[in-house]
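S.K.: Sharing a structure with you now.
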Amino acid sequence: MWDFFETVRHRHSVRKFQQQRPVEQEKLHAILEMASAAPTAGDLQSYRILVVQDAGKRAALAALSPRQAFIADAPVCLLFCADPLRAGHTFGERGRHLYALQDATIAATYAQLAVVASGLASTWVGDFPEIETKQLLGCAPELTPVALLALGYPAETPGESPRRPLEQVVVYC
């Protein structure tokens with residue numbers, strides 16, 4: 001298994017997947033376990049993960065987001081939703097508006113890294129219509145969709161994305 005630094009360096013957004021190769025349930029389970037191991041505010045796990053494996057639903061998700069057609073080709077799509085009420089019970093307004101969102105995005109990040117460590121690839125999608133996505137997937141009304149993670153075996157190997165130098169993003173105080 002790769003070490004953490006190799007995993008992060010090998011993470012690239014992949015938009016072409018091997019369509020005839022499903023994700024093994026053991027790998028999907030391991031990815032979901034790593035997502036649930038992510039740190040959360042007060043250890044509340046103020047998020048929910050919807051697993052979309054049905055080809056019709058993935059095609060409908062892709063149709064809702066015209067610039068994200070690859071969602072239909074990925075054998076699995078995970079929808080990470082913030083659960084503001086769960087965080088709000090403990091942390092009030094800040095929990096509802098910030099901590100639940102942070103919890104969901106940290107879980108999605110852990111899942112994305114677990115995808116790479118499992119020999120798979122993914123793309124994080126934030127550009128999707130919230131209301132229509134909730135309706136399509138039967139999402140509980142109290143949840144807020146935050147990110148989709150389309151994943152599967154890659155059918156492409158993208159090059160490295162350019163990154164700004166540390167001097168442009170890090171400030172020592």
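Numbering starts fresh at 1 for the residues of each chain in the structure tokens, the chains themselves are lettered A, B, ... in the order given, and ligands are numbered from 1 as they appear.
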Which of chain A counts as alpha helix (DSSP H) under DSSP, as a PDB file with C-alpha atoms, in the first residue's frame please?

M.R.:
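Dumped everything to selection-v2.pdb:
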ATOM      1  CA  PHE A   4      -0.013   9.000   2.533  1.00  0.00           C
ATOM      2  CA  PHE A   5       2.169  11.344   0.494  1.00  0.00           C
ATOM      3  CA  GLU A   6       2.073   9.057  -2.544  1.00  0.00           C
ATOM      4  CA  THR A   7      -1.695   8.752  -2.222  1.00  0.00           C
ATOM      5  CA  VAL A   8      -2.136  12.525  -2.221  1.00  0.00           C
ATOM      6  CA  ARG A   9       0.253  12.978  -5.145  1.00  0.00           C
ATOM      7  CA  GLN A  25     -18.264  -4.097  -2.623  1.00  0.00           C
ATOM      8  CA  GLU A  26     -15.250  -4.686  -0.345  1.00  0.00           C
ATOM      9  CA  LYS A  27     -13.498  -1.637  -1.804  1.00  0.00           C
ATOM     10  CA  LEU A  28     -16.620   0.495  -1.611  1.00  0.00           C
ATOM     11  CA  HIS A  29     -17.135  -0.566   2.003  1.00  0.00           C
ATOM     12  CA  ALA A  30     -13.508   0.298   2.847  1.00  0.00           C
ATOM     13  CA  ILE A  31     -13.904   3.734   1.214  1.00  0.00           C
ATOM     14  CA  LEU A  32     -17.071   4.396   3.215  1.00  0.00           C
ATOM     15  CA  GLU A  33     -15.343   3.254   6.407  1.00  0.00           C
ATOM     16  CA  MET A  34     -12.530   5.742   5.790  1.00  0.00           C
ATOM     17  CA  ALA A  35     -15.057   8.512   5.168  1.00  0.00           C
ATOM     18  CA  SER A  36     -16.707   7.721   8.482  1.00  0.00           C
ATOM     19  CA  ALA A  55     -27.227   3.360 -13.684  1.00  0.00           C
ATOM     20  CA  GLY A  56     -30.549   5.118 -14.258  1.00  0.00           C
ATOM     21  CA  LYS A  57     -30.110   7.377 -11.248  1.00  0.00           C
ATOM     22  CA  ARG A  58     -26.501   8.169 -12.218  1.00  0.00           C
ATOM     23  CA  ALA A  59     -27.680   9.056 -15.736  1.00  0.00           C
ATOM     24  CA  ALA A  60     -30.374  11.287 -14.235  1.00  0.00           C
ATOM     25  CA  LEU A  61     -27.769  12.961 -12.000  1.00  0.00           C
ATOM     26  CA  ALA A  62     -25.587  13.585 -15.058  1.00  0.00           C
ATOM     27  CA  ALA A  63     -28.577  15.032 -16.939  1.00  0.00           C
ATOM     28  CA  LEU A  64     -29.222  17.444 -14.063  1.00  0.00           C
ATOM     29  CA  PRO A  84     -27.189  20.910  10.001  1.00  0.00           C
ATOM     30  CA  LEU A  85     -29.724  19.880  12.649  1.00  0.00           C
ATOM     31  CA  ARG A  86     -27.382  17.261  14.083  1.00  0.00           C
ATOM     32  CA  ALA A  87     -24.562  19.789  14.495  1.00  0.00           C
ATOM     33  CA  GLY A  88     -26.964  22.517  15.580  1.00  0.00           C
ATOM     34  CA  HIS A  89     -28.232  20.566  18.585  1.00  0.00           C
ATOM     35  CA  THR A  90     -24.766  20.726  20.124  1.00  0.00           C
ATOM     36  CA  PHE A  91     -23.168  23.810  18.583  1.00  0.00           C
ATOM     37  CA  GLY A  92     -26.093  26.098  17.759  1.00  0.00           C
ATOM     38  CA  GLU A  93     -25.969  28.441  14.785  1.00  0.00           C
ATOM     39  CA  ARG A  94     -22.262  27.913  14.051  1.00  0.00           C
ATOM     40  CA  ALA A 100     -22.017  20.350   9.408  1.00  0.00           C
ATOM     41  CA  LEU A 101     -20.614  21.632   6.104  1.00  0.00           C
ATOM     42  CA  GLN A 102     -17.061  21.029   7.304  1.00  0.00           C
ATOM     43  CA  ASP A 103     -17.948  17.533   8.521  1.00  0.00           C
ATOM     44  CA  ALA A 104     -19.399  16.572   5.119  1.00  0.00           C
ATOM     45  CA  THR A 105     -16.469  17.964   3.141  1.00  0.00           C
ATOM     46  CA  ILE A 106     -13.853  16.355   5.377  1.00  0.00           C
ATOM     47  CA  ALA A 107     -15.639  12.995   5.015  1.00  0.00           C
ATOM     48  CA  ALA A 108     -15.687  13.472   1.231  1.00  0.00           C
ATOM     49  CA  THR A 109     -11.968  14.276   1.262  1.00  0.00           C
ATOM     50  CA  TYR A 110     -11.157  11.147   3.257  1.00  0.00           C
ATOM     51  CA  ALA A 111     -13.280   9.126   0.832  1.00  0.00           C
ATOM     52  CA  GLN A 112     -11.481  10.647  -2.141  1.00  0.00           C
ATOM     53  CA  LEU A 113      -8.084   9.701  -0.716  1.00  0.00           C
ATOM     54  CA  ALA A 114      -9.341   6.192   0.128  1.00  0.00           C
ATOM     55  CA  VAL A 115     -10.471   5.869  -3.491  1.00  0.00           C
ATOM     56  CA  VAL A 116      -6.892   6.500  -4.659  1.00  0.00           C
ATOM     57  CA  ALA A 117      -5.421   4.137  -2.063  1.00  0.00           C
ATOM     58  CA  GLU A 130     -29.324  20.965  -4.919  1.00  0.00           C
ATOM     59  CA  ILE A 131     -33.127  20.751  -4.918  1.00  0.00           C
ATOM     60  CA  GLU A 132     -33.421  18.510  -7.978  1.00  0.00           C
ATOM     61  CA  THR A 133     -30.649  16.229  -6.678  1.00  0.00           C
ATOM     62  CA  LYS A 134     -32.415  15.862  -3.327  1.00  0.00           C
ATOM     63  CA  GLN A 135     -35.674  15.019  -5.089  1.00  0.00           C
ATOM     64  CA  LEU A 136     -34.077  12.503  -7.447  1.00  0.00           C
ATOM     65  CA  LEU A 137     -32.327  10.610  -4.649  1.00  0.00           C
ATOM     66  CA  LEU A 166       3.628  27.694  -1.409  1.00  0.00           C
ATOM     67  CA  GLU A 167       4.760  31.321  -1.117  1.00  0.00           C
ATOM     68  CA  GLN A 168       1.473  32.349  -2.741  1.00  0.00           C
ATOM     69  CA  VAL A 169      -0.808  30.335  -0.466  1.00  0.00           C
TER      70      VAL A 169
END

S.K.: Measuring between only C-alpha atoms, which one of A:Gly95, A:Ala41, A:Arg11, A:Ala150 shows the shortest distance to Pro75 of chain A?

M.R.: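 Using only C-alpha atoms, Pro75 of chain A sits closest to A:Ala150.
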
S.K.: From the list A:Tyr47, A:Ser13, A:Ala37, A:Ala72, which residue is nearest Val125 of chain A when using only C-alpha atoms?

M.R.: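 Nearest candidate to Val125 of chain A out of A:Tyr47, A:Ser13, A:Ala37, A:Ala72: A:Ser13.
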
S.K.: Please run DSSP on the backbone and report, as a count of residues only, all residues within segment 7-100 of chain A that come out as strand (DSSP E).

M.R.: 13

S.K.: Do you have the atom CA of Arg21 of chain A-atom CA of Val52 of chain A distance handy?

M.R.: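 Between atom CA of Arg21 of chain A and atom CA of Val52 of chain A the gap is 15.7 Å.
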